[in-house]
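**Q** Quick one: the structure is below, and I'll ask about it shortly.
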Amino acid sequence: MLAVTAHDHLPSGPVAVLANPTAGRGRHRGLLPRLLERLAGAGRPVRLLEATTPAEAEAACHAAVADGAGALVAVGGDGTVHRALQAVAGTAVPFGPVPAGTGNDFAVDTGFPADPVAAVEVIAGALRDGRTRAVDLARLTTADGGDRWYGAVLAAGFDAIVNERANRMAWPRGPRRYDLAILVELARLRPRRYRLRLDGVEHELDAVLVAVGNAPSYGGGMRICPEADPTDGLLDVVVGGRFDRLTLMRVKPRIYQGTHVTHPLVRSYRARTVELEATGITTYVDGERAFDLPVRITAVPAAVRLLR
């Protein structure tokens, strides 16, 4: 369950808005003026941030928070939300995700309507009423000083390998590149040896799927960590063991319902801190490329205040 509603004094600055016009293949681009108008109806000045790349978007969010933004709103998918979270995590600046991307897992899993206009109405109402709800985030760190926050899921198995393959491919464009990457990596599928330390308790295992969830879903509604609760102060770890190609392809559709966790090759764990090691794996968080293993993931309770 989400944390109890807090009626408190919100920071008084303008509402900064990060919008990704290419999110969801641009299908909500024409909605932006309407969304900004609804936000302005909350009685705060609204400032649209300027950015043309993900790195610029993240920098613009950090600058807005440093300049005294009273709230930050991200219009886009999980990638846009991920960039914004880096700026508001651990601060008093409240955050509103408007689901307008291909994957909107963090927004939907934390209780926002899937429709962007309805989500903005919720956010505007929370701004008017001074209402926020705190949810947890996961903090991802590396031994050499790497540091990222994420809201949904870290992938460190087959799905991360497919993402890495797709990102290296210049052809084809669009979703077919991801489909081709799946075929290539299925042909190369093999279990890898992972070392997991869960609150200091070590496990060594062979696996093809490894996910660490603060929230249940990734990839646009795939409930990879179906029991994950972003308000319980814990991370859910789901490991798919020595799957062969045929078994993996049979089990993978079950992830949308979260019923894959009943398969005998799937194990689930829960911990506050997860240390994860394997060779040759680049992790993806909220669908965004992050760090090579090994990494440490820590659940941070009430790390962000949502405008709900």
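Just so we're on the same page: first chain in the structure tokens is A, next is B, and so on; residues restart at 1 for each chain, and ligands are numbered from 1 in the order they show up.
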Residues within 12 Å of Pro113 in chain A, please, as a CSV table (one decimal) with C-alpha atoms, in the first residue's frame. Count only C-alpha atoms; anything in the same chain fewer than 3 positions from it doesn't count.

**A**
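Once written, result22.csv looks like this:
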chain,number,residue,atom,x,y,z
A,96,GLY,CA,4.7,13.9,-10.6
A,97,PRO,CA,5.1,11.4,-13.4
A,98,VAL,CA,2.8,11.8,-16.4
A,99,PRO,CA,2.7,8.5,-18.3
A,100,ALA,CA,3.2,9.3,-22.0
A,104,ASN,CA,5.0,3.8,-18.0
A,105,ASP,CA,5.7,1.2,-15.3
A,106,PHE,CA,6.8,3.5,-12.4
A,107,ALA,CA,3.8,5.9,-12.8
A,108,VAL,CA,1.2,3.1,-13.1
A,109,ASP,CA,2.8,1.0,-10.3
A,110,THR,CA,2.7,3.9,-7.9
A,116,PRO,CA,-1.8,11.3,-19.3
A,117,VAL,CA,-4.6,13.9,-18.9
A,118,ALA,CA,-6.1,12.0,-15.9
A,119,ALA,CA,-2.6,11.8,-14.4
A,120,VAL,CA,-2.1,15.6,-14.7
A,121,GLU,CA,-5.5,16.1,-13.0
A,122,VAL,CA,-4.3,14.0,-10.1
A,123,ILE,CA,-1.0,16.0,-9.9
A,308,ARG,CA,-0.9,12.1,-5.5

**Q** Using only C-alpha atoms, which protein or nucleic acid residues come within 10 Å of Gly90 in chain A? Drop anything in the same chain fewer than 5 positions from it, and give the result as a ChimeraX atom specification.

**A** /A:85,136-137,149,300-305

**Q** Would you write out those residues with N, CA and C atoms, as a PDB file, in the first residue's frame?

**A**
ATOM      1  N   LEU A  85      14.021  11.544 -11.708  1.00  0.00           N
ATOM      2  CA  LEU A  85      14.222  11.016 -10.352  1.00  0.00           C
ATOM      3  C   LEU A  85      15.617  11.317  -9.823  1.00  0.00           C
ATOM      4  N   ASP A 136       9.341   4.557  -1.868  1.00  0.00           N
ATOM      5  CA  ASP A 136      10.752   4.192  -1.855  1.00  0.00           C
ATOM      6  C   ASP A 136      11.353   4.314  -3.248  1.00  0.00           C
ATOM      7  N   LEU A 137      12.665   4.438  -3.279  1.00  0.00           N
ATOM      8  CA  LEU A 137      13.449   4.265  -4.497  1.00  0.00           C
ATOM      9  C   LEU A 137      14.583   3.283  -4.198  1.00  0.00           C
ATOM     10  N   TRP A 149      19.799   6.426  -9.009  1.00  0.00           N
ATOM     11  CA  TRP A 149      18.533   6.038  -8.403  1.00  0.00           C
ATOM     12  C   TRP A 149      17.665   5.366  -9.459  1.00  0.00           C
ATOM     13  N   VAL A 300      15.804   2.549  -0.396  1.00  0.00           N
ATOM     14  CA  VAL A 300      15.806   3.790   0.390  1.00  0.00           C
ATOM     15  C   VAL A 300      14.350   4.174   0.655  1.00  0.00           C
ATOM     16  N   PRO A 301      13.876   3.961   1.883  1.00  0.00           N
ATOM     17  CA  PRO A 301      12.469   4.240   2.180  1.00  0.00           C
ATOM     18  C   PRO A 301      12.128   5.719   2.000  1.00  0.00           C
ATOM     19  N   ALA A 302      10.929   5.962   1.479  1.00  0.00           N
ATOM     20  CA  ALA A 302      10.374   7.317   1.357  1.00  0.00           C
ATOM     21  C   ALA A 302      11.361   8.288   0.694  1.00  0.00           C
ATOM     22  N   ALA A 303      12.018   7.833  -0.374  1.00  0.00           N
ATOM     23  CA  ALA A 303      13.063   8.640  -1.011  1.00  0.00           C
ATOM     24  C   ALA A 303      12.505   9.726  -1.912  1.00  0.00           C
ATOM     25  N   VAL A 304      11.232   9.606  -2.312  1.00  0.00           N
ATOM     26  CA  VAL A 304      10.634  10.622  -3.182  1.00  0.00           C
ATOM     27  C   VAL A 304       9.185  10.839  -2.760  1.00  0.00           C
ATOM     28  N   ARG A 305       8.756  12.106  -2.843  1.00  0.00           N
ATOM     29  CA  ARG A 305       7.377  12.472  -2.495  1.00  0.00           C
ATOM     30  C   ARG A 305       6.593  12.659  -3.781  1.00  0.00           C
TER      31      ARG A 305
END

**Q** Find, counting only C-alpha atoms, the residue in A:Gly43, A:Trp171, A:Val135, A:Val210 that gets nearest to Ala89 in chain A.

**A** A:Val135

**Q** How many Å lie between CA of Thr102 in chain A and CA of Gly287 in chain A, rounded to one decimal?

**A**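 Straight-line distance from CA of Thr102 in chain A to CA of Gly287 in chain A works out to 10.7 Å.
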
**Q** Which residues, written as a list of chain:residue names, have at least one atom at most 8 Å from range 236-244 of chain A, with only C-alpha atoms counted and residues fewer than 3 positions away on the same chain left out?

**A**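 In the requested form, the answer reads A:Leu189, A:Arg190, A:Pro191, A:Leu205, A:Asp206, A:Ala207, A:Val208, A:Leu209, A:Val210, A:Ala211, A:Val212, A:Gly213, A:Asn214, A:Ile224, A:Cys225, A:Glu227, A:Ala228, A:Thr247, A:Leu248, A:Val261, A:Leu265, A:Val266, A:Arg267, A:Ser268, A:Tyr269, A:Arg270, A:Ala271.
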
**Q** As a list in words, please: all residues of range 140-187 of chain A that backbone DSSP puts in helix (DSSP H, G or I).

**A** Phe158, Asp159, Ala160, Ile161, Val162, Asn163, Glu164, Arg165, Ala166, Asn167, Arg168, Pro175, Arg176, Arg177, Tyr178, Asp179, Leu180, Ala181, Ile182, Leu183, Val184, Glu185, Leu186 and Ala187 of chain A

**Q** Which is closer to Gly219 in chain A than all the others in A:Leu186, A:Val153, A:Thr283, A:Ala19, using only C-alpha atoms?

**A**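 For Gly219 in chain A, the nearest of the candidates is A:Val153.
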
**Q** Residues within 7 Å of Leu48 in chain A, please, as a list in words. Count only C-alpha atoms; anything in the same chain fewer than 3 positions from it doesn't count.

**A**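 Counting only C-alpha atoms, the residues come to Ala16, Val17 and Leu18 of chain A.
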
**Q** Can you work out the spacing between CA of Arg44 in chain A and CA of Thr91 in chain A in Å, to one decimal?

**A**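 Going from CA of Arg44 in chain A over to CA of Thr91 in chain A covers 19.5 Å.
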